[in-house]
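Data block below; observations after.
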Amino acid sequence: MERTGLPARYSGLLAAFSAALLAAGALVATAPAAGAADAELARNGGFEAGLDGWSCTGGSGAAVSTPAHSGASALRATPAGADHAKCSQSVTVKPDSTYTLSAWVQGSYVYLGATGTGTTDVSTWTQSTGAWKQLTTTFRTGPATTSVSVYTHGWYGTPAYYADDLSLVGPGGDPVTLPAAPAGLKAGPVTSSSVDLSWTASAGATGYQVYRGGTKVASTTATSATVTGLTASTAYSFQVAAVNAAGESAKSAAVSATTTAGGGGGDAGLPAHALVGYLHSSFANGSGYTRMADVPASWDVINLAFGEPTSVTSGDIRFSLCPVAECPNVESEAEFKAAIKAKQAAGKKVLISIGGQNGQVQLATTAARDAFVTSVSKIIDTYGLDGLDIDFEGHSLSLNTGDTDFRNPTSPVIVNLISAVKSLKAKYGSGFVLTMAPETFFVQLGYQYYGSGPWGGQDPRAGAYLPVIHALRNDLTVLHVQDYNSGSIMGLDNQYHSMGGADFHIAMTDMLLTGFPVAGDQTKVFPALRPEQVAFGLPASTQAGNGHTSPAEVTKALNCLTKKTDCGSYQTHGTWPTLRGLMTWSINWDRFNNWEFSKNFDAYFGG
């Protein structure tokens with residue numbers, strides 16, 4: 001498995017930064033002594049009182065006893081995903097005054113700076129792995145500046161950095177008063193394991209503490225937060241307090257919220273551990289055509305591949321059996337329908353899968369949304385199917401610029417897909433089976449990147465399935481991400497994982513079962529799915545796709561996720577014996593490979 005602390009794509013950028021900063025004379029220097037009228041203004045700059053007075057993004061910071069430059073403590077902050085582990089505090093200053101900021105640091109790339117100066121904000125940096133170095137910079141405040149933010153941070157994809165003895169020397173400002181308690185605290189949306197909170201900003205606040213039942217559970221600089229890890233069908237009470245350099249305000253009025261039932265999309269009659277496979281019904285390839293009646297009993301969910309649109313934006317989905325000229329052994333429509341009924345009589349589920357590699361579907365308008373509902377309903381009714389599999393790939397889903405919160409999407413292709421699926425669920429009721437087969441790019445990559453990003457320029461498809469999964473999590477039967485045809489993806493250990501072995505499936509599945517901050521933003525946490533809603537997808541043979549995993553490695557992945565054995569170097573955040581199972585592309589390729597994939601599944605789960 002390929003792992004790296006610093007991705008190759010960053011190395012050139014960092015080298016360019018290094019050259020530019022050195023050319024500009026951003027050198028490590030010794031801090032000048034304080035003048036007679038100056039004072040030490042940084043609060044808890046030696047971190048002897050833990051993180052008191054400091055706010056670290058994404059929960060990235062902690063006070064540690066070693067290494068310490070002086071005293072008994074220092075700051076340790078760990079970059080994760082798109083979060084470079086920024087730790088900051090707000091300091092009261094005087095207008096038109098000069099200040100000296102310094103700190104002792106060590107790490108791959110460590111930055112020290114100040115913002116909100118009212119003149120030119122400053123920063124400096126150094127590389128100092130394994131040895132303490134002092135960073136120093138100076139700035140002058142503007143004519144109306146009464147507060148600045150001083151900070152340290154590391155760099156994306158690098159290991160933890162350390163900071164100690166941070167000092168800000170200069171004329172002290174007027175005393176800061178405590179902010180008022182936040183008002184307008186509201187709860188919602190609510191899932192079986194999470195509650196979204198929002199409130200009105202408090203004047204003078206630099207951050208907020210979120211309390212559940214009187215216990216602090218989150219810190220944020222935003223006016224919203226998602227509290228995760230909750231129990232289904234349980235009532236909770238929440239409060240929020242505002243903080244600044246003077247301390248913490250009184251807590252807000254409490255708001256109550258009750259999580260939804262844990263059933264989510266329900267089992268829909270699936271066995272405790274299910275095997276999901278795609279059946280090439282509308283086309284042939286090198287694996288050969290397999291008739292519905294010839295699909296072995298091992299397969300619990302059979303996804304018909306594929307329903308495809310008449311055009312990318314029409315929303316009009318069509319499905320037909322493979323033509324005889326292409327598939328000489330194809331069954332008749334009547335035989336196909338009869339075989340579906342026989343599978344269902346044996347307890348199997350048969351779904352229509354929409355999309356695939358060639359079936360781009362963009363529901364950019366409400367007309368396309370309505371056409372999708374009508375045409376998919378017609379396919380379900382014609383063949384007597386049990387539900388729908390969403391296999392949108394390529395450019396089917398993307399996020400518009402400015403659509404940055406997966407909990408409240410605004411992009412039409414996302415909003416209309418959610419609406420369409422909810423309409424289908426409402427039409428067919430609780431027995432409707434809903435599965436999804438996104439690629440890692442659209443899900444787990446969201447830990448680092450989401451859409452075009454806060455400054456634009458990123459691929460707008462990054463993480464684009466997350467709002468769909470989140471909005472439909474209470475209707476979702478099984479999510480089986482394609483752990484194949486994928487680049488290396490960062491896991492919750494902030495290391496990159498590559499497909500082809502147990503490690504990739506362990507790390508990618510752990511993300512879904514643990515939850516993760518989207519684009520590193522701890523105020524926007526994608527909540528964990530229930531293990532009964534999660535399977536992972538693999539190619540059935542080396543010919544089926546990149547990332548084929550041997551049966552022995554598949555077994556290791558299952559052992560780790562369900563028993564916490566055979567985990568290798570990756571440490572999961574739990575053990576999930578009720579993990580739903582496996583998905584493969586495809587039944588046809590498994591048959592081509594002498595049923596190796598399904599035989600291994602049956603042997604593991606006693607099928």
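Labeling convention for the structure tokens: chains A, B, ... as they appear, residues from 1 per chain, ligands from 1 in order of appearance.
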
Discussion item. To test your reading of the structure, identify every residue in stretch 277-461 of chain A that backbone DSSP assigns to strand (DSSP E or B), and report it as an NGL selection string.
Written reply: :A and (277-280 or 301-309 or 317-318 or 349-356 or 387-392 or 433-436 or 439)

Write out as a short mmCIF file (atom, residue, chain, number, x, y, z; two decimals) with N, CA and C atoms, in the first residue's frame the residues lying within 7 Å of A:Ala257, counting only C-alpha atoms and excluding same-chain residues fewer than 6 positions away.
data_model
loop_
_atom_site.label_atom_id
_atom_site.label_comp_id
_atom_site.auth_asym_id
_atom_site.auth_seq_id
_atom_site.Cartn_x
_atom_site.Cartn_y
_atom_site.Cartn_z
N ALA A 187 -32.51 23.75 16.58
CA ALA A 187 -32.06 22.40 16.23
C ALA A 187 -32.75 21.93 14.96
N ALA A 235 -33.95 11.73 23.31
CA ALA A 235 -34.08 13.17 23.47
C ALA A 235 -32.78 13.74 24.05
N TYR A 236 -32.34 14.88 23.52
CA TYR A 236 -31.13 15.54 23.98
C TYR A 236 -31.42 17.02 24.20
N SER A 237 -30.63 17.63 25.10
CA SER A 237 -30.72 19.06 25.37
C SER A 237 -29.38 19.70 25.01
#

A:Arg140 proximity check over A:Ala274, A:Val324, A:Val169, A:Val190, using only C-alpha atoms: winner is A:Val169

Do you know which residues are at most 9 Å from stretch 479-491 of chain A counting only C-alpha atoms, after dropping those on the same chain fewer than 3 positions away, and could you put them as a ChimeraX atom specification? /A:2-3,81,276,434-441,443-445,447-448,469,476,494-500,504-505,507-511,529,533-539,545-548,581-585

Find the residues around A:Leu166 up to 12 Å (only C-alpha atoms counted), leave out those fewer than 6 positions away in its own chain, and share them as a PyMOL selection string. chain A and resi 31+40-48+54+69-70+74-75+87-89+100-105+112-113+133-137+150-152

Each residue of stretch 295-330 of chain A with at least one atom at most 10 Å from stretch 382-403 of chain A should appear once, together with its nearest atom pair and the corresponding distance in Å (one decimal); atoms considered: only C-alpha atoms; ordering: chain, then increasing residue number; output as a tab-separated table.
residue	atom	partner	partner_atom	distance
A:Val301	CA	A:Asp386	CA	9.6
A:Ile302	CA	A:Asp389	CA	9.9
A:Asn303	CA	A:Asp389	CA	6.9
A:Leu304	CA	A:Asp389	CA	8.8
A:Ala305	CA	A:Asp391	CA	9.5
A:Phe306	CA	A:Asp391	CA	9.0
A:Gly307	CA	A:Asp389	CA	9.8
A:Val312	CA	A:Ser396	CA	8.1
A:Thr313	CA	A:Ser396	CA	9.3

Keeping only C-alpha atoms, write those residues as a short mmCIF file (atom, residue, chain, number, x, y, z; two decimals), in the first residue's frame.
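Below is the file result.cif, written as the result:
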data_model
loop_
_atom_site.label_atom_id
_atom_site.label_comp_id
_atom_site.auth_asym_id
_atom_site.auth_seq_id
_atom_site.Cartn_x
_atom_site.Cartn_y
_atom_site.Cartn_z
CA VAL A 301 -29.53 -8.20 -4.48
CA ILE A 302 -29.37 -8.24 -8.28
CA ASN A 303 -28.93 -4.85 -9.93
CA LEU A 304 -29.96 -4.71 -13.58
CA ALA A 305 -27.30 -2.84 -15.53
CA PHE A 306 -28.31 -0.35 -16.79
CA GLY A 307 -31.19 2.03 -17.21
CA VAL A 312 -27.81 13.57 -20.57
CA THR A 313 -30.31 16.20 -19.39
#

Within 12 Å of A:Ala342 using only C-alpha atoms, minus same-chain residues under 2 positions, as an mmCIF file with N, CA, C and O atoms, in the first residue's frame:
data_model
loop_
_atom_site.group_PDB
_atom_site.id
_atom_site.type_symbol
_atom_site.label_atom_id
_atom_site.label_comp_id
_atom_site.auth_asym_id
_atom_site.auth_seq_id
_atom_site.Cartn_x
_atom_site.Cartn_y
_atom_site.Cartn_z
ATOM 1 N N MET A 292 -31.050 -14.272 -16.308
ATOM 2 C CA MET A 292 -31.542 -14.078 -14.941
ATOM 3 C C MET A 292 -31.747 -15.414 -14.227
ATOM 4 O O MET A 292 -31.378 -15.584 -13.053
ATOM 5 N N ALA A 293 -32.311 -16.368 -14.907
ATOM 6 C CA ALA A 293 -32.593 -17.666 -14.287
ATOM 7 C C ALA A 293 -31.321 -18.406 -13.891
ATOM 8 O O ALA A 293 -31.357 -19.313 -13.047
ATOM 9 N N ASP A 294 -30.171 -18.029 -14.488
ATOM 10 C CA ASP A 294 -28.914 -18.713 -14.217
ATOM 11 C C ASP A 294 -28.091 -18.049 -13.116
ATOM 12 O O ASP A 294 -26.987 -18.506 -12.805
ATOM 13 N N VAL A 295 -28.595 -16.976 -12.530
ATOM 14 C CA VAL A 295 -27.888 -16.314 -11.424
ATOM 15 C C VAL A 295 -27.994 -17.199 -10.188
ATOM 16 O O VAL A 295 -29.096 -17.539 -9.757
ATOM 17 N N ALA A 297 -28.018 -18.690 -6.284
ATOM 18 C CA ALA A 297 -28.743 -18.240 -5.095
ATOM 19 C C ALA A 297 -27.866 -17.429 -4.146
ATOM 20 O O ALA A 297 -28.369 -16.810 -3.202
ATOM 21 N N GLU A 335 -39.658 -14.611 -20.339
ATOM 22 C CA GLU A 335 -38.776 -15.457 -19.527
ATOM 23 C C GLU A 335 -38.029 -14.625 -18.485
ATOM 24 O O GLU A 335 -37.838 -15.053 -17.338
ATOM 25 N N PHE A 336 -37.609 -13.434 -18.881
ATOM 26 C CA PHE A 336 -36.893 -12.547 -17.975
ATOM 27 C C PHE A 336 -37.787 -12.149 -16.794
ATOM 28 O O PHE A 336 -37.365 -12.224 -15.622
ATOM 29 N N LYS A 337 -39.023 -11.762 -17.085
ATOM 30 C CA LYS A 337 -39.951 -11.369 -16.023
ATOM 31 C C LYS A 337 -40.274 -12.544 -15.110
ATOM 32 O O LYS A 337 -40.355 -12.403 -13.883
ATOM 33 N N ALA A 338 -40.432 -13.717 -15.690
ATOM 34 C CA ALA A 338 -40.722 -14.902 -14.888
ATOM 35 C C ALA A 338 -39.549 -15.245 -13.972
ATOM 36 O O ALA A 338 -39.735 -15.636 -12.805
ATOM 37 N N ALA A 339 -38.329 -15.079 -14.489
ATOM 38 C CA ALA A 339 -37.147 -15.358 -13.681
ATOM 39 C C ALA A 339 -37.014 -14.361 -12.524
ATOM 40 O O ALA A 339 -36.586 -14.720 -11.422
ATOM 41 N N ILE A 340 -37.386 -13.104 -12.762
ATOM 42 C CA ILE A 340 -37.382 -12.110 -11.689
ATOM 43 C C ILE A 340 -38.343 -12.518 -10.584
ATOM 44 O O ILE A 340 -38.005 -12.478 -9.390
ATOM 45 N N GLN A 344 -37.538 -13.339 -6.629
ATOM 46 C CA GLN A 344 -38.231 -12.675 -5.529
ATOM 47 C C GLN A 344 -38.940 -13.679 -4.625
ATOM 48 O O GLN A 344 -38.956 -13.515 -3.401
ATOM 49 N N ALA A 345 -39.459 -14.722 -5.213
ATOM 50 C CA ALA A 345 -40.108 -15.762 -4.411
ATOM 51 C C ALA A 345 -39.105 -16.462 -3.499
ATOM 52 O O ALA A 345 -39.459 -16.965 -2.427
ATOM 53 N N ALA A 346 -37.837 -16.439 -3.916
ATOM 54 C CA ALA A 346 -36.765 -17.051 -3.112
ATOM 55 C C ALA A 346 -36.146 -16.047 -2.139
ATOM 56 O O ALA A 346 -35.130 -16.347 -1.499
ATOM 57 N N GLY A 347 -36.733 -14.865 -2.033
ATOM 58 C CA GLY A 347 -36.268 -13.871 -1.086
ATOM 59 C C GLY A 347 -35.240 -12.901 -1.626
ATOM 60 O O GLY A 347 -34.680 -12.098 -0.861
ATOM 61 N N LYS A 348 -34.976 -12.926 -2.924
ATOM 62 C CA LYS A 348 -33.985 -12.035 -3.515
ATOM 63 C C LYS A 348 -34.640 -10.710 -3.928
ATOM 64 O O LYS A 348 -35.850 -10.642 -4.130
ATOM 65 N N LYS A 349 -33.813 -9.672 -4.054
ATOM 66 C CA LYS A 349 -34.277 -8.367 -4.499
ATOM 67 C C LYS A 349 -33.673 -8.053 -5.860
ATOM 68 O O LYS A 349 -32.469 -8.267 -6.074
ATOM 69 N N VAL A 350 -34.505 -7.543 -6.754
ATOM 70 C CA VAL A 350 -34.043 -7.182 -8.094
ATOM 71 C C VAL A 350 -34.339 -5.699 -8.303
ATOM 72 O O VAL A 350 -35.479 -5.255 -8.174
ATOM 73 N N GLY A 384 -41.730 -5.454 -12.462
ATOM 74 C CA GLY A 384 -42.055 -5.864 -11.101
ATOM 75 C C GLY A 384 -40.851 -5.828 -10.178
ATOM 76 O O GLY A 384 -40.646 -6.748 -9.376
ATOM 77 N N LEU A 385 -40.061 -4.747 -10.239
ATOM 78 C CA LEU A 385 -38.803 -4.666 -9.493
ATOM 79 C C LEU A 385 -39.012 -4.187 -8.060
ATOM 80 O O LEU A 385 -40.057 -3.641 -7.706
#

| field | Those in stretch 270-458 of chain A with helix (DSSP H, G or I) from DSSP, as a PyMOL selection string | value | chain A and resi 292-294+333-345+366-383+412-428+440-442+444-447

Need to verify the contact set: A:Lys422, 10 Å, only C-alpha atoms, exclusion of same-chain residues closer than 4 positions in sequence. Can you return it as a PyMOL selection string?
chain A and resi 373+416-418+426-427+471-472+475

Quick one: write out the picked residues with all heavy atoms as a PDB file, in the first residue's frame?
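Final output, result.pdb:
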ATOM      1  N   VAL A 373     -38.761  10.501 -12.499  1.00  0.00           N
ATOM      2  CA  VAL A 373     -39.709   9.769 -11.642  1.00  0.00           C
ATOM      3  C   VAL A 373     -40.668   8.945 -12.495  1.00  0.00           C
ATOM      4  O   VAL A 373     -40.918   7.758 -12.209  1.00  0.00           O
ATOM      5  CB  VAL A 373     -40.486  10.756 -10.746  1.00  0.00           C
ATOM      6  CG1 VAL A 373     -41.591  10.027  -9.987  1.00  0.00           C
ATOM      7  CG2 VAL A 373     -39.528  11.448  -9.775  1.00  0.00           C
ATOM      8  N   ASN A 416     -32.630  18.154  -7.283  1.00  0.00           N
ATOM      9  CA  ASN A 416     -33.655  17.442  -8.054  1.00  0.00           C
ATOM     10  C   ASN A 416     -33.529  15.932  -7.927  1.00  0.00           C
ATOM     11  O   ASN A 416     -34.539  15.220  -7.934  1.00  0.00           O
ATOM     12  CB  ASN A 416     -33.576  17.855  -9.526  1.00  0.00           C
ATOM     13  CG  ASN A 416     -34.053  19.274  -9.755  1.00  0.00           C
ATOM     14  OD1 ASN A 416     -34.895  19.783  -9.012  1.00  0.00           O
ATOM     15  ND2 ASN A 416     -33.510  19.932 -10.764  1.00  0.00           N
ATOM     16  N   LEU A 417     -32.318  15.411  -7.811  1.00  0.00           N
ATOM     17  CA  LEU A 417     -32.157  13.971  -7.610  1.00  0.00           C
ATOM     18  C   LEU A 417     -32.728  13.557  -6.259  1.00  0.00           C
ATOM     19  O   LEU A 417     -33.449  12.553  -6.162  1.00  0.00           O
ATOM     20  CB  LEU A 417     -30.681  13.584  -7.692  1.00  0.00           C
ATOM     21  CG  LEU A 417     -30.373  12.108  -7.383  1.00  0.00           C
ATOM     22  CD1 LEU A 417     -31.102  11.172  -8.340  1.00  0.00           C
ATOM     23  CD2 LEU A 417     -28.866  11.853  -7.420  1.00  0.00           C
ATOM     24  N   ILE A 418     -32.431  14.328  -5.222  1.00  0.00           N
ATOM     25  CA  ILE A 418     -32.975  14.021  -3.895  1.00  0.00           C
ATOM     26  C   ILE A 418     -34.496  14.027  -3.937  1.00  0.00           C
ATOM     27  O   ILE A 418     -35.159  13.108  -3.421  1.00  0.00           O
ATOM     28  CB  ILE A 418     -32.453  15.040  -2.866  1.00  0.00           C
ATOM     29  CG1 ILE A 418     -30.937  14.869  -2.670  1.00  0.00           C
ATOM     30  CG2 ILE A 418     -33.186  14.886  -1.533  1.00  0.00           C
ATOM     31  CD1 ILE A 418     -30.289  16.008  -1.906  1.00  0.00           C
ATOM     32  N   ALA A 426     -41.832   7.546  -1.642  1.00  0.00           N
ATOM     33  CA  ALA A 426     -43.204   7.788  -1.185  1.00  0.00           C
ATOM     34  C   ALA A 426     -44.203   6.973  -1.984  1.00  0.00           C
ATOM     35  O   ALA A 426     -45.207   6.477  -1.445  1.00  0.00           O
ATOM     36  CB  ALA A 426     -43.520   9.280  -1.285  1.00  0.00           C
ATOM     37  N   LYS A 427     -43.931   6.797  -3.276  1.00  0.00           N
ATOM     38  CA  LYS A 427     -44.861   6.056  -4.132  1.00  0.00           C
ATOM     39  C   LYS A 427     -44.887   4.575  -3.796  1.00  0.00           C
ATOM     40  O   LYS A 427     -45.964   3.958  -3.731  1.00  0.00           O
ATOM     41  CB  LYS A 427     -44.480   6.249  -5.598  1.00  0.00           C
ATOM     42  CG  LYS A 427     -45.351   5.449  -6.569  1.00  0.00           C
ATOM     43  CD  LYS A 427     -44.984   5.721  -8.015  1.00  0.00           C
ATOM     44  CE  LYS A 427     -45.874   4.920  -8.969  1.00  0.00           C
ATOM     45  NZ  LYS A 427     -45.561   5.220 -10.387  1.00  0.00           N
ATOM     46  N   ALA A 471     -29.115  13.434   2.668  1.00  0.00           N
ATOM     47  CA  ALA A 471     -30.547  13.756   2.602  1.00  0.00           C
ATOM     48  C   ALA A 471     -31.414  12.510   2.566  1.00  0.00           C
ATOM     49  O   ALA A 471     -32.571  12.535   3.001  1.00  0.00           O
ATOM     50  CB  ALA A 471     -30.827  14.621   1.379  1.00  0.00           C
ATOM     51  N   LEU A 472     -30.858  11.405   2.045  1.00  0.00           N
ATOM     52  CA  LEU A 472     -31.642  10.178   1.870  1.00  0.00           C
ATOM     53  C   LEU A 472     -31.249   9.090   2.873  1.00  0.00           C
ATOM     54  O   LEU A 472     -31.675   7.941   2.730  1.00  0.00           O
ATOM     55  CB  LEU A 472     -31.461   9.654   0.442  1.00  0.00           C
ATOM     56  CG  LEU A 472     -31.974  10.575  -0.663  1.00  0.00           C
ATOM     57  CD1 LEU A 472     -31.539  10.070  -2.036  1.00  0.00           C
ATOM     58  CD2 LEU A 472     -33.495  10.701  -0.604  1.00  0.00           C
ATOM     59  N   ASP A 475     -33.809   6.817   4.132  1.00  0.00           N
ATOM     60  CA  ASP A 475     -34.458   5.996   3.111  1.00  0.00           C
ATOM     61  C   ASP A 475     -33.488   4.981   2.518  1.00  0.00           C
ATOM     62  O   ASP A 475     -33.909   4.064   1.806  1.00  0.00           O
ATOM     63  CB  ASP A 475     -34.986   6.881   1.973  1.00  0.00           C
ATOM     64  CG  ASP A 475     -36.000   7.905   2.456  1.00  0.00           C
ATOM     65  OD1 ASP A 475     -36.940   7.512   3.151  1.00  0.00           O
ATOM     66  OD2 ASP A 475     -35.833   9.102   2.129  1.00  0.00           O
TER      67      ASP A 475
END

Atom pair atom CA of A:Ala114 + atom CA of A:Ser219, distance 21.2 Å

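Here atom CA of A:Arg318 is placed at a distance of 25.9 Å from atom CA of A:Pro467.
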
Check your understanding: What does the distance between atom CA of A:Trp155 and atom CA of A:Asp83 come to in Å, to one decimal place?
Key ->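 If I compute the distance from atom CA of A:Trp155 to atom CA of A:Asp83, I get 8.3 Å.
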